[in-house]
>>> print(open('work.cif').read())   # mmCIF, C-alpha atoms and all ligand atoms
data_work
loop_
_atom_site.label_atom_id
_atom_site.label_comp_id
_atom_site.auth_asym_id
_atom_site.auth_seq_id
_atom_site.Cartn_x
_atom_site.Cartn_y
_atom_site.Cartn_z
CA MET A 1 164.65 83.58 39.03
CA GLY A 2 161.18 82.18 38.30
CA LYS A 3 158.90 81.07 41.10
CA GLN A 4 159.44 82.21 44.63
CA LYS A 5 161.41 79.80 46.80
CA ARG A 6 161.35 79.29 50.55
CA PHE A 7 162.26 82.13 52.90
CA GLU A 8 165.70 80.73 53.78
CA THR A 9 166.54 80.56 50.06
CA GLU A 10 165.07 83.93 49.11
CA VAL A 11 167.18 85.81 51.70
CA ILE A 12 170.24 84.61 49.77
CA HIS A 13 169.18 84.55 46.13
CA ASN A 14 166.16 86.75 45.43
CA GLY A 15 166.52 89.63 42.97
CA TYR A 16 170.03 88.86 41.76
CA ASP A 17 171.47 86.85 38.87
CA SER A 18 175.27 86.54 39.05
CA LEU A 19 175.53 85.68 35.35
CA GLN A 20 174.22 89.14 34.47
CA HIS A 21 177.09 90.63 36.48
CA GLN A 22 180.14 88.90 35.01
CA GLY A 23 179.66 85.99 37.38
CA SER A 24 180.15 88.01 40.54
CA LEU A 25 178.73 85.76 43.27
CA VAL A 26 177.99 88.76 45.49
CA PRO A 27 175.94 91.68 44.15
CA PRO A 28 178.40 94.42 43.10
CA LEU A 29 178.56 97.66 45.02
CA PHE A 30 177.60 100.48 42.64
CA GLN A 31 179.17 103.26 44.66
CA THR A 32 178.24 106.05 42.28
CA SER A 33 176.18 109.20 42.57
CA THR A 34 175.18 109.44 38.92
CA PHE A 35 174.90 107.41 35.71
CA THR A 36 176.13 108.42 32.24
CA PHE A 37 173.79 108.45 29.23
CA PRO A 38 175.01 107.22 25.83
CA SER A 39 173.28 110.20 24.16
CA ALA A 40 171.23 113.32 24.90
CA GLU A 41 168.18 111.64 23.39
CA GLU A 42 168.54 108.63 25.74
CA GLY A 43 168.84 111.06 28.66
CA GLU A 44 165.58 112.66 27.55
CA ARG A 45 163.88 109.24 27.31
CA ARG A 46 165.03 108.23 30.80
CA PHE A 47 163.75 111.44 32.35
CA ALA A 48 160.47 110.99 30.49
CA GLY A 49 160.19 107.46 31.89
CA GLU A 50 160.16 106.02 28.37
CA SER A 51 163.36 104.07 28.77
CA GLU A 52 164.62 101.79 31.54
CA GLY A 53 167.91 102.75 33.10
CA TYR A 54 169.44 104.63 35.96
CA ILE A 55 169.74 108.41 36.16
CA TYR A 56 171.01 109.50 39.57
CA SER A 57 171.36 107.47 42.79
CA ARG A 58 168.68 109.39 44.71
CA LEU A 59 166.23 108.12 42.07
CA GLY A 60 167.55 104.57 42.05
CA ASN A 61 170.75 102.53 42.23
CA PRO A 62 171.37 98.90 41.15
CA THR A 63 172.79 97.79 44.53
CA VAL A 64 169.88 99.38 46.38
CA LYS A 65 167.54 97.73 43.87
CA VAL A 66 168.71 94.23 44.87
CA LEU A 67 167.99 95.00 48.52
CA GLU A 68 164.58 96.47 47.69
CA GLU A 69 163.49 93.54 45.54
CA ARG A 70 164.63 91.06 48.15
CA MET A 71 162.84 92.85 51.00
CA ALA A 72 159.62 93.09 48.97
CA ALA A 73 159.72 89.33 48.37
CA LEU A 74 160.50 88.52 52.01
CA GLU A 75 157.59 90.63 53.26
CA LYS A 76 155.30 89.20 50.53
CA GLY A 77 154.74 92.70 49.18
CA GLU A 78 154.97 94.18 45.69
CA VAL A 79 157.57 96.92 46.05
CA ALA A 80 160.05 97.98 48.73
CA LEU A 81 161.95 101.25 49.12
CA ALA A 82 165.13 101.62 51.13
CA PHE A 83 165.89 104.67 53.28
CA GLY A 84 168.84 106.14 55.13
CA SER A 85 167.32 105.29 58.54
CA GLY A 86 164.27 103.71 60.08
CA MET A 87 163.03 107.19 60.95
CA ALA A 88 163.44 108.34 57.33
CA ALA A 89 161.21 105.40 56.40
CA VAL A 90 158.66 106.23 59.12
CA SER A 91 158.52 109.94 58.28
CA ALA A 92 158.34 109.39 54.50
CA THR A 93 155.40 107.01 55.02
CA LEU A 94 153.52 109.22 57.48
CA PHE A 95 154.01 112.35 55.36
CA TYR A 96 152.87 110.39 52.30
CA LEU A 97 149.67 109.25 54.03
CA THR A 98 148.63 112.50 55.72
CA LYS A 99 147.92 116.18 55.14
CA THR A 100 147.02 119.06 57.46
CA GLY A 101 143.89 118.28 59.48
CA ASP A 102 144.22 114.50 59.25
CA HIS A 103 144.38 112.07 62.16
CA ILE A 104 146.65 109.07 62.78
CA LEU A 105 145.48 106.27 65.06
CA CYS A 106 148.42 104.59 66.81
CA SER A 107 149.08 101.62 69.04
CA GLU A 108 149.46 102.59 72.70
CA GLY A 109 153.23 102.37 72.59
CA ILE A 110 155.49 103.47 69.78
CA TYR A 111 159.18 104.03 69.21
CA GLY A 112 160.38 107.18 71.02
CA CYS A 113 161.38 109.11 67.88
CA THR A 114 158.15 108.12 66.11
CA PHE A 115 156.37 109.67 69.08
CA GLY A 116 158.56 112.76 68.65
CA LEU A 117 157.69 112.90 64.94
CA LEU A 118 153.96 112.75 65.71
CA GLN A 119 154.35 115.66 68.11
CA LEU A 120 156.16 117.63 65.41
CA MET A 121 153.51 116.82 62.80
CA ASN A 122 150.85 117.97 65.22
CA LYS A 123 152.61 121.20 66.11
CA LYS A 124 153.66 122.22 62.60
CA HIS A 125 150.97 120.69 60.39
CA GLN A 126 147.97 120.15 62.73
CA ILE A 127 148.01 116.42 62.06
CA GLN A 128 146.53 114.82 65.15
CA HIS A 129 147.08 111.42 66.66
CA ASP A 130 145.73 109.15 69.38
CA LEU A 131 147.55 106.32 71.08
CA ILE A 132 145.12 103.55 71.98
CA HIS A 133 145.01 99.97 73.18
CA PHE A 134 143.66 98.00 70.20
CA ALA A 135 141.70 95.70 72.52
CA ASP A 136 138.97 94.51 70.15
CA GLU A 137 137.03 95.43 67.01
CA GLU A 138 134.64 97.76 68.87
CA THR A 139 137.48 99.74 70.42
CA VAL A 140 139.16 100.19 67.05
CA ARG A 141 135.90 101.19 65.35
CA ALA A 142 135.13 103.72 68.08
CA ALA A 143 138.59 105.29 67.88
CA ILE A 144 138.52 105.85 64.14
CA ARG A 145 137.51 109.41 63.29
CA ASP A 146 136.19 110.90 60.06
CA ASN A 147 139.63 112.41 59.45
CA THR A 148 141.65 109.26 60.28
CA THR A 149 143.81 108.51 57.23
CA CYS A 150 146.23 106.04 58.72
CA ILE A 151 146.49 103.40 61.43
CA TYR A 152 150.02 103.00 62.74
CA ILE A 153 151.01 99.92 64.73
CA GLU A 154 154.02 98.46 66.47
CA THR A 155 153.78 94.84 67.57
CA PRO A 156 155.39 93.73 69.80
CA ILE A 157 155.24 97.20 71.29
CA ASN A 158 158.60 98.56 72.36
CA PRO A 159 159.52 97.97 75.18
CA THR A 160 156.59 96.25 76.94
CA MET A 161 156.11 93.58 74.25
CA LYS A 162 152.33 94.01 74.19
CA LEU A 163 150.94 92.64 70.95
CA VAL A 164 148.36 94.00 68.55
CA ASP A 165 146.14 91.55 66.67
CA LEU A 166 147.01 92.64 63.13
CA GLU A 167 144.34 90.59 61.40
CA MET A 168 141.64 92.05 63.64
CA VAL A 169 142.75 95.66 63.17
CA SER A 170 143.13 95.34 59.40
CA ARG A 171 139.67 93.80 59.15
CA VAL A 172 138.13 96.89 60.79
CA ALA A 173 140.39 99.27 58.83
CA LYS A 174 139.20 97.70 55.56
CA GLU A 175 135.58 98.56 56.37
CA LYS A 176 136.60 102.21 56.34
CA GLY A 177 139.29 102.01 53.67
CA ILE A 178 142.03 103.19 56.04
CA PRO A 179 145.56 101.94 55.37
CA VAL A 180 147.32 100.05 58.17
CA VAL A 181 151.04 100.62 58.64
CA VAL A 182 153.07 98.20 60.77
CA ASP A 183 156.53 98.86 62.17
CA ASN A 184 157.85 95.28 61.95
CA THR A 185 161.33 96.05 63.30
CA PHE A 186 161.08 93.80 66.37
CA CYS A 187 160.15 90.76 64.29
CA SER A 188 161.72 91.04 60.85
CA PRO A 189 159.81 89.26 58.07
CA TYR A 190 161.12 85.93 59.37
CA LEU A 191 158.93 86.11 62.47
CA GLN A 192 155.92 88.09 61.23
CA GLN A 193 154.54 89.12 57.85
CA PRO A 194 151.90 91.84 58.36
CA LEU A 195 150.98 92.11 54.65
CA THR A 196 149.76 88.50 54.70
CA LEU A 197 147.47 89.46 57.61
CA GLY A 198 145.77 92.23 55.63
CA CYS A 199 147.97 95.21 56.53
CA ASP A 200 149.01 97.67 53.82
CA TYR A 201 152.53 98.89 54.63
CA VAL A 202 155.45 97.40 56.52
CA ILE A 203 158.26 99.53 57.91
CA HIS A 204 161.61 98.38 59.23
CA SER A 205 164.42 99.97 61.02
CA ALA A 206 166.86 97.78 59.04
CA THR A 207 169.44 98.93 61.58
CA LYS A 208 168.24 96.10 63.81
CA TYR A 209 167.65 92.45 62.81
CA ILE A 210 167.83 93.01 59.03
CA GLY A 211 171.42 94.30 59.21
CA GLY A 212 172.08 92.31 62.33
CA HIS A 213 175.68 93.35 62.86
CA GLY A 214 175.40 96.80 64.42
CA ASP A 215 177.22 98.55 61.58
CA VAL A 216 174.44 100.20 59.53
CA ILE A 217 171.59 102.65 60.09
CA ALA A 218 168.88 102.17 57.47
CA GLY A 219 165.15 101.78 56.87
CA ILE A 220 162.74 99.94 54.58
CA VAL A 221 159.11 100.41 53.56
CA VAL A 222 157.14 97.73 51.70
CA GLY A 223 153.74 98.20 50.07
CA ARG A 224 151.73 98.06 46.87
CA ARG A 225 153.24 99.04 43.52
CA GLU A 226 151.15 102.14 42.87
CA GLU A 227 151.54 103.74 46.30
CA MET A 228 155.22 102.87 46.58
CA GLY A 229 155.79 104.37 43.14
CA GLU A 230 154.23 107.61 44.34
CA MET A 231 156.28 107.53 47.52
CA ALA A 232 159.46 106.95 45.50
CA MET A 233 158.79 110.09 43.47
CA THR A 234 157.73 112.30 46.41
CA THR A 235 158.60 111.63 50.06
CA LEU A 236 161.65 109.56 49.11
CA LYS A 237 163.07 111.45 46.13
CA ASP A 238 162.14 114.98 47.18
CA ILE A 239 162.58 114.77 50.95
CA GLY A 240 165.67 112.76 50.11
CA GLY A 241 166.28 110.31 52.95
CA ILE A 242 167.92 107.74 50.68
CA ILE A 243 170.18 104.88 51.68
CA SER A 244 173.82 104.84 50.56
CA PRO A 245 174.75 102.04 48.15
CA PHE A 246 177.35 100.76 50.60
CA ASP A 247 174.81 100.49 53.41
CA ALA A 248 172.46 98.64 51.05
CA TRP A 249 175.34 96.29 50.23
CA LEU A 250 175.92 95.62 53.94
CA LEU A 251 172.22 94.89 54.42
CA ILE A 252 172.23 92.42 51.52
CA ARG A 253 175.08 90.67 53.30
CA GLY A 254 173.32 90.75 56.68
CA LEU A 255 170.03 89.46 55.27
CA LYS A 256 171.58 86.18 54.12
CA THR A 257 171.88 84.96 57.71
CA LEU A 258 168.63 86.47 59.00
CA PRO A 259 166.80 83.15 59.58
CA VAL A 260 169.87 81.46 61.07
CA ARG A 261 170.55 84.39 63.38
CA LEU A 262 166.94 84.76 64.46
CA ASP A 263 166.63 81.07 65.26
CA ARG A 264 169.45 81.53 67.77
CA HIS A 265 168.28 84.92 69.09
CA CYS A 266 164.86 83.39 69.79
CA GLU A 267 166.23 80.18 71.31
CA ASN A 268 168.54 82.13 73.63
CA ALA A 269 165.75 84.51 74.63
CA LYS A 270 163.44 81.64 75.54
CA LYS A 271 166.04 80.06 77.82
CA ILE A 272 166.95 83.34 79.48
CA ALA A 273 163.30 84.22 80.07
CA VAL A 274 162.82 80.97 81.98
CA GLN A 275 165.73 81.86 84.27
CA LEU A 276 164.80 85.53 84.71
CA LYS A 277 161.27 84.67 85.71
CA GLN A 278 162.51 82.58 88.63
CA HIS A 279 164.92 85.18 90.01
CA PRO A 280 163.70 86.81 93.23
CA LYS A 281 164.92 90.28 92.14
CA VAL A 282 162.81 90.17 88.96
CA LYS A 283 159.35 91.56 89.69
CA MET A 284 157.76 91.38 86.30
CA MET A 285 158.71 90.03 82.91
CA TYR A 286 157.37 90.89 79.48
CA PHE A 287 158.13 88.17 76.95
CA PRO A 288 155.57 86.88 74.42
CA GLY A 289 157.03 83.37 74.73
CA ASP A 290 156.22 83.12 78.44
CA PRO A 291 153.13 80.89 78.88
CA ASP A 292 151.86 83.40 81.49
CA PHE A 293 152.16 86.32 79.04
CA PRO A 294 148.58 87.61 78.59
CA GLN A 295 148.83 87.40 74.79
CA TYR A 296 150.74 84.13 74.59
CA GLU A 297 148.12 82.63 72.25
CA LEU A 298 148.15 85.65 69.94
CA ALA A 299 151.94 85.45 69.80
CA LYS A 300 151.70 81.81 68.72
CA ARG A 301 149.14 82.67 66.06
CA GLN A 302 150.78 85.78 64.64
CA MET A 303 154.53 85.19 65.03
CA ARG A 304 156.75 82.28 64.01
CA TYR A 305 158.69 82.57 67.30
CA PRO A 306 158.18 85.03 70.18
CA GLY A 307 161.30 87.03 69.34
CA GLY A 308 164.64 87.90 70.87
CA MET A 309 163.60 90.82 73.07
CA ILE A 310 162.78 90.62 76.79
CA SER A 311 161.79 93.39 79.15
CA PHE A 312 161.61 93.01 82.90
CA GLU A 313 161.19 95.05 86.04
CA ILE A 314 163.64 94.69 88.85
CA ASP A 315 162.54 94.92 92.45
CA GLY A 316 164.13 98.27 93.31
CA THR A 317 164.50 101.96 92.57
CA LYS A 318 165.62 103.82 89.45
CA GLU A 319 169.11 104.04 90.98
CA GLU A 320 169.14 100.28 91.51
CA ALA A 321 168.02 99.74 87.92
CA GLN A 322 171.00 101.83 86.82
CA ALA A 323 173.31 99.97 89.21
CA PHE A 324 172.10 96.70 87.70
CA LEU A 325 173.07 97.93 84.22
CA ASN A 326 176.46 99.02 85.54
CA HIS A 327 177.02 95.55 87.04
CA CYS A 328 176.62 93.84 83.66
CA GLN A 329 180.00 92.93 82.22
CA LEU A 330 179.47 90.85 79.08
CA ILE A 331 176.19 92.53 78.17
CA LYS A 332 176.77 96.03 76.83
CA ILE A 333 174.81 99.09 77.92
CA ALA A 334 173.43 100.42 74.64
CA VAL A 335 170.21 101.18 72.84
CA SER A 336 169.44 99.43 69.53
CA LEU A 337 168.73 95.73 69.19
CA GLY A 338 169.12 92.71 66.99
CA ASP A 339 172.91 92.69 67.04
CA SER A 340 175.21 89.74 67.74
CA GLU A 341 176.12 91.39 71.04
CA SER A 342 173.56 91.30 73.86
CA LEU A 343 172.49 94.87 74.62
CA ILE A 344 170.76 96.22 77.69
CA GLN A 345 169.14 99.61 78.29
CA HIS A 346 166.89 101.59 80.63
CA PRO A 347 163.89 102.81 78.56
CA ALA A 348 162.69 105.46 81.05
CA THR A 349 165.96 107.41 80.81
CA MET A 350 167.11 106.32 77.36
CA THR A 351 164.86 105.26 74.44
CA HIS A 352 161.70 106.73 75.96
CA ALA A 353 163.16 109.71 77.81
CA VAL A 354 161.41 112.04 75.32
CA VAL A 355 157.99 110.68 76.30
CA PRO A 356 156.44 112.78 79.12
CA GLU A 357 156.27 110.89 82.43
CA LYS A 358 152.49 110.54 82.47
CA GLU A 359 152.34 108.99 78.99
CA ARG A 360 155.43 106.93 79.73
CA LEU A 361 153.88 105.37 82.83
CA ALA A 362 150.62 104.79 80.95
CA MET A 363 152.69 102.82 78.40
CA GLY A 364 154.02 100.71 81.31
CA ILE A 365 157.52 102.17 81.18
CA THR A 366 158.42 102.47 84.83
CA ASP A 367 161.78 103.45 86.35
CA GLN A 368 162.37 99.77 87.15
CA LEU A 369 161.92 98.54 83.59
CA ILE A 370 164.93 97.12 81.76
CA ARG A 371 165.03 96.08 78.10
CA LEU A 372 167.33 93.31 76.94
CA SER A 373 168.18 92.49 73.34
CA VAL A 374 169.35 88.90 73.60
CA GLY A 375 172.44 88.39 71.45
CA LEU A 376 174.08 85.41 69.83
CA GLU A 377 176.55 84.58 72.62
CA ALA A 378 176.23 81.27 74.50
CA TRP A 379 173.01 81.67 76.46
CA GLU A 380 174.68 80.39 79.62
CA ASP A 381 177.18 83.25 79.48
CA ILE A 382 174.42 85.82 78.97
CA TRP A 383 172.47 84.37 81.87
CA GLU A 384 175.50 84.17 84.19
CA ASP A 385 176.15 87.86 83.54
CA LEU A 386 172.53 88.80 84.31
CA GLN A 387 172.51 86.58 87.38
CA GLN A 388 175.63 88.06 88.95
CA ALA A 389 174.34 91.59 88.27
CA LEU A 390 170.97 90.76 89.84
CA ASP A 391 172.57 89.02 92.82
CA ARG A 392 174.55 92.18 93.58
CA LEU A 393 171.39 94.26 94.04
C1 LIG B 401 165.23 101.74 65.97
C2 LIG B 401 163.78 101.80 65.68
C3 LIG B 401 163.24 102.76 64.81
C4 LIG B 401 164.08 103.86 64.20
O1 LIG B 401 165.02 103.36 63.33
P1 LIG B 401 166.45 104.08 63.01
O2 LIG B 401 167.05 103.12 62.06
O3 LIG B 401 167.18 104.20 64.29
O4 LIG B 401 166.14 105.40 62.42
C5 LIG B 401 161.88 102.71 64.55
N1 LIG B 401 161.09 101.77 65.11
C6 LIG B 401 161.57 100.83 65.96
C7 LIG B 401 160.64 99.84 66.56
C8 LIG B 401 162.93 100.81 66.27
O5 LIG B 401 163.40 99.90 67.12
#
>>> encode(input="work.cif", output="C-alpha cells")
Amino acid sequence: MGKQKRFETEVIHNGYDSLQHQGSLVPPLFQTSTFTFPSAEEGERRFAGESEGYIYSRLGNPTVKVLEERMAALEKGEVALAFGSGMAAVSATLFYLTKTGDHILCSEGIYGCTFGLLQLMNKKHQIQHDLIHFADEETVRAAIRDNTTCIYIETPINPTMKLVDLEMVSRVAKEKGIPVVVDNTFCSPYLQQPLTLGCDYVIHSATKYIGGHGDVIAGIVVGRREEMGEMAMTTLKDIGGIISPFDAWLLIRGLKTLPVRLDRHCENAKKIAVQLKQHPKVKMMYFPGDPDFPQYELAKRQMRYPGGMISFEIDGTKEEAQAFLNHCQLIKIAVSLGDSESLIQHPATMTHAVVPEKERLAMGITDQLIRLSVGLEAWEDIWEDLQQALDRL
C-alpha cells in the first residue's frame, strides 16, 4: 500500500489489497485449522522457516494477519499479535518478560484479572510485584528494584481514571533498560499511542473499543519485531491463547468505524459529565475531561480526547448504589465497555470484587463508586435515564 496514510484511512485499508484476493472488497475469512503443502519438500522448507507460507492456524492465519498488520500500524509499532482474549495477551506478555525471582512494577490500579494473574505468578513462580502511584521521576526511580524486569501501566486506570504520565515513566525506565508495557484498552490507538511516547509494548482487550460491538472477546499485543517474533514462537504458540479467524474477521470489521465511534463516545461522555457533576446525589466524579480533574492538563497532552468512560460516587450506601443501578432502564447493568450500548457497573462488587478490601479502598474503589461506559445512544436519552435513577435515591 506504500506510505502510511492518516489514521481514519488506515483503519479501513491497511494491510489488505483486494486485488490479491480476487477483488473481494472485504478481507476473506480463512476459517481453517491447517494449510496444505504442495509437496513434502515444501512442508520441510516451511517448518525450517526457509519458505513463506502458512502451516497451521495456531502459528499464523491470513485473516488474523490482516488484523495484526493493521493494529501494528495504528499503534505505530512494528509487529502485532492477536490473542483469544485480553487476558491471554496480558499473560503471554508478562510470562514472556519475567522468570522466577523477577519483579513487576505496576500502576496503582490495574484490571481485576490482571491483579489476579499477578497474585498467581507470585504464588506459583515467586514473581513479585508492587502497585505504586507513578507520581514523578523520583518515585519511579525509587520503586525500581534490581530484579525489576517490567513496568506495567494502565492509563486511565480502571475505574478511577487516574492517569500515568507515560513519557515520564518511559524516560526513567530507559535509564535502566526496563521495558514499559501499557494496557491501552480504555483509549484505543485513536486516543493514545504509548509507543510514540517511548513505551515498549501496548496491550489491548480488543473486546472493548477495538471490536466495539460487544460480540467478540479478543486481545492484541504490539511491540518490536524481534521481541514479538519471540513471543509468537513461545508464549503465543506454545501457551496457545490464539484468536479464532472469525473473531479476527469481526475485529477487522469493527476497526473500520473506530474513529467515528470514538468521536461520538467521547462527545457523549463530555456532555453527560457536565450534567452528572451538577447533580446533588453525585458526590464525586472521575473524568479526565472535567476541568477540575487533577490531571486535566496531562489528559490534554497525552490523549486526543478524554475518553468515553466516567466513574462517579453517589451520595449513599452500597445498597443505594445497587438500587441506583436497578433503577436504570435504558442503560444496561453489565461489565465490559466500549460497546454501542451504555453499560453501568459497580466495581466494588463486580470488576474489582477479587481485590481485597484494603487494596480496593486504597485504589479509590469505594462501595459508592459506579462506572459508566457511555454508549452511542442520543446523549439526552442516556442522561435522562441517569437522572431519573438518581432522582429516585
Ligand atoms: C477487559 C479488560 C481486560 C481483559 O480483557 P478480556 O478481553 O476480557 O480478556 C484487560 N484490561 C482492561 C483494562 C480491560 O478493560
>>> closest_residue(input="work.cif", among="A:Ala348, A:Val374, A:Met168, A:Leu337", to="ligand LIG 401 (chain B)", atoms="only C-alpha atoms and all ligand atoms")
A:Leu337
>>> closest_residue(input="work.cif", among="A:Pro306, A:Gly116, A:Pro294, A:Pro27", to="ligand LIG 401 (chain B)", atoms="only C-alpha atoms and all ligand atoms")
A:Gly116
>>> closest_atom_pairs(input="work.cif", of="region 182-251 of chain A", to="region 151-162 of chain A", cutoff="7 Å", atoms="only C-alpha atoms", output="CSV")
residue,atom,partner,partner_atom,distance
A:Val182,CA,A:Ile153,CA,4.8
A:Asp183,CA,A:Glu154,CA,5.0
A:Asn184,CA,A:Glu154,CA,6.7
A:Phe186,CA,A:Pro156,CA,6.6
>>> closest_atom_pairs(input="work.cif", of="chain A", to="ligand LIG 401 (chain B)", cutoff="7 Å", atoms="all atoms listed in the file", output="Markdown table")
| residue | atom | partner | partner_atom | distance |
| --- | --- | --- | --- | --- |
| A:Ser85 | CA | B:LIG401 | O4 | 4.1 |
| A:Gly86 | CA | B:LIG401 | O1 | 3.4 |
| A:Met87 | CA | B:LIG401 | O4 | 3.9 |
| A:Ala88 | CA | B:LIG401 | O4 | 6.5 |
| A:Tyr111 | CA | B:LIG401 | N1 | 5.1 |
| A:Cys113 | CA | B:LIG401 | C4 | 7.0 |
| A:Thr114 | CA | B:LIG401 | C5 | 6.8 |
| A:Glu154 | CA | B:LIG401 | C7 | 6.8 |
| A:Asn158 | CA | B:LIG401 | C7 | 6.3 |
| A:Asp183 | CA | B:LIG401 | C7 | 6.1 |
| A:Thr185 | CA | B:LIG401 | C7 | 5.0 |
| A:Phe186 | CA | B:LIG401 | C7 | 6.1 |
| A:His204 | CA | B:LIG401 | N1 | 6.8 |
| A:Ser205 | CA | B:LIG401 | O1 | 4.1 |
| A:Ala206 | CA | B:LIG401 | O2 | 6.1 |
| A:Thr207 | CA | B:LIG401 | O2 | 4.8 |
| A:Lys208 | CA | B:LIG401 | C1 | 6.7 |
| A:Ile217 | CA | B:LIG401 | O2 | 5.0 |
| A:Ala218 | CA | B:LIG401 | O2 | 5.0 |
| A:Gly219 | CA | B:LIG401 | O2 | 5.7 |
| A:Ser336 | CA | B:LIG401 | C1 | 6.0 |
>>> atom_distance(input="work.cif", atom1="CA of Lys277 (chain A)", atom2="CA of Ile132 (chain A)")
28.4 Å
>>> atom_distance(input="work.cif", atom1="CA of His13 (chain A)", atom2="CA of Ala89 (chain A)")
24.6 Å
>>> residues_around(input="work.cif", residues="Tyr190 (chain A)", least_positions_apart="3", cutoff="10 Å", atoms="all atoms listed in the file", output="number ranges by chain")
A: 7-8, 11, 74-75, 187, 193, 209-210, 258-260, 262-263, 303-305
>>> atom_distance(input="work.cif", atom1="CA of Ile333 (chain A)", atom2="CA of Gln345 (chain A)")
5.7 Å
>>> closest_residue(input="work.cif", among="A:Leu276, A:Glu41, A:Arg392, A:Leu117", to="Asn326 (chain A)", atoms="all atoms listed in the file")
A:Arg392
>>> residues_around(input="work.cif", residues="Ala334 (chain A)", least_positions_apart="2", cutoff="10 Å", atoms="only C-alpha atoms", output="ChimeraX atom specification")
/A:325,331-332,336-337,342-346,350-351,372-373
>>> closest_residue(input="work.cif", among="A:Ala378, A:Arg145, A:Thr36, A:Val180", to="Leu94 (chain A)", atoms="all atoms listed in the file")
A:Val180
>>> closest_residue(input="work.cif", among="A:Ile365, A:Val64, A:Val222, A:Met71", to="Ala353 (chain A)", atoms="only C-alpha atoms")
A:Ile365
>>> residues_around(input="work.cif", residues="Ala135 (chain A)", least_positions_apart="2", cutoff="12 Å", atoms="only C-alpha atoms", output="PyMOL selection string")
chain A and resi 107-108+132-133+137-143+162-166+168-169+295
>>> write_last_selection(input="work.cif", atoms="C-alpha atoms", output="CSV table (one decimal), in the coordinates of the input")
chain,number,residue,atom,x,y,z
A,107,SER,CA,149.1,101.6,69.0
A,108,GLU,CA,149.5,102.6,72.7
A,132,ILE,CA,145.1,103.6,72.0
A,133,HIS,CA,145.0,100.0,73.2
A,137,GLU,CA,137.0,95.4,67.0
A,138,GLU,CA,134.6,97.8,68.9
A,139,THR,CA,137.5,99.7,70.4
A,140,VAL,CA,139.2,100.2,67.0
A,141,ARG,CA,135.9,101.2,65.4
A,142,ALA,CA,135.1,103.7,68.1
A,143,ALA,CA,138.6,105.3,67.9
A,162,LYS,CA,152.3,94.0,74.2
A,163,LEU,CA,150.9,92.6,71.0
A,164,VAL,CA,148.4,94.0,68.6
A,165,ASP,CA,146.1,91.6,66.7
A,166,LEU,CA,147.0,92.6,63.1
A,168,MET,CA,141.6,92.0,63.6
A,169,VAL,CA,142.8,95.7,63.2
A,295,GLN,CA,148.8,87.4,74.8
>>> closest_residue(input="work.cif", among="A:Thr349, A:Ile272, A:Gly53, A:Gly289", to="Leu386 (chain A)", atoms="all atoms listed in the file")
A:Ile272
>>> residues_around(input="work.cif", residues="Thr148 (chain A)", least_positions_apart="5", cutoff="10 Å", atoms="all atoms listed in the file", output="PyMOL selection string")
chain A and resi 98+101-105+127-130+143+176+178-179
>>> axis_aligned_box(input="work.cif", around="region 196-202 of chain A", padding_each_side="4 Å", output="lines of an AutoDock Vina configuration file")
center_x = 150.6
center_y = 93.7
center_z = 55.7
size_x = 17.7
size_y = 18.4
size_z = 11.8
>>> decode(input="work.cif", residues="region 294-306 of chain A", atoms="N, CA and C atoms", output="PDB file, in the first residue's frame")
ATOM      1  N   PRO A 294      -7.806  16.431  38.549  1.00  0.00           N
ATOM      2  CA  PRO A 294      -6.438  16.834  38.913  1.00  0.00           C
ATOM      3  C   PRO A 294      -5.427  16.694  37.762  1.00  0.00           C
ATOM      4  N   GLN A 295      -5.674  15.753  36.856  1.00  0.00           N
ATOM      5  CA  GLN A 295      -4.712  15.563  35.763  1.00  0.00           C
ATOM      6  C   GLN A 295      -5.281  15.998  34.410  1.00  0.00           C
ATOM      7  N   TYR A 296      -6.123  17.014  34.465  1.00  0.00           N
ATOM      8  CA  TYR A 296      -6.750  17.534  33.240  1.00  0.00           C
ATOM      9  C   TYR A 296      -5.713  17.917  32.181  1.00  0.00           C
ATOM     10  N   GLU A 297      -4.625  18.556  32.626  1.00  0.00           N
ATOM     11  CA  GLU A 297      -3.589  19.005  31.680  1.00  0.00           C
ATOM     12  C   GLU A 297      -2.865  17.821  31.065  1.00  0.00           C
ATOM     13  N   LEU A 298      -2.574  16.809  31.895  1.00  0.00           N
ATOM     14  CA  LEU A 298      -1.907  15.601  31.380  1.00  0.00           C
ATOM     15  C   LEU A 298      -2.802  14.903  30.360  1.00  0.00           C
ATOM     16  N   ALA A 299      -4.101  14.866  30.657  1.00  0.00           N
ATOM     17  CA  ALA A 299      -5.046  14.251  29.711  1.00  0.00           C
ATOM     18  C   ALA A 299      -4.977  14.960  28.371  1.00  0.00           C
ATOM     19  N   LYS A 300      -4.931  16.279  28.407  1.00  0.00           N
ATOM     20  CA  LYS A 300      -4.893  17.053  27.158  1.00  0.00           C
ATOM     21  C   LYS A 300      -3.609  16.782  26.376  1.00  0.00           C
ATOM     22  N   ARG A 301      -2.519  16.578  27.126  1.00  0.00           N
ATOM     23  CA  ARG A 301      -1.218  16.378  26.493  1.00  0.00           C
ATOM     24  C   ARG A 301      -1.094  14.970  25.908  1.00  0.00           C
ATOM     25  N   GLN A 302      -1.633  13.985  26.621  1.00  0.00           N
ATOM     26  CA  GLN A 302      -1.335  12.593  26.313  1.00  0.00           C
ATOM     27  C   GLN A 302      -2.418  11.908  25.480  1.00  0.00           C
ATOM     28  N   MET A 303      -3.646  12.420  25.556  1.00  0.00           N
ATOM     29  CA  MET A 303      -4.770  11.772  24.889  1.00  0.00           C
ATOM     30  C   MET A 303      -5.426  12.737  23.898  1.00  0.00           C
ATOM     31  N   ARG A 304      -5.896  12.185  22.786  1.00  0.00           N
ATOM     32  CA  ARG A 304      -6.587  13.019  21.795  1.00  0.00           C
ATOM     33  C   ARG A 304      -7.871  13.616  22.383  1.00  0.00           C
ATOM     34  N   TYR A 305      -8.689  12.757  23.005  1.00  0.00           N
ATOM     35  CA  TYR A 305      -9.880  13.183  23.749  1.00  0.00           C
ATOM     36  C   TYR A 305      -9.861  12.443  25.090  1.00  0.00           C
ATOM     37  N   PRO A 306     -10.611  12.949  26.080  1.00  0.00           N
ATOM     38  CA  PRO A 306     -10.537  12.314  27.409  1.00  0.00           C
ATOM     39  C   PRO A 306     -11.276  10.988  27.554  1.00  0.00           C
TER      40      PRO A 306
END
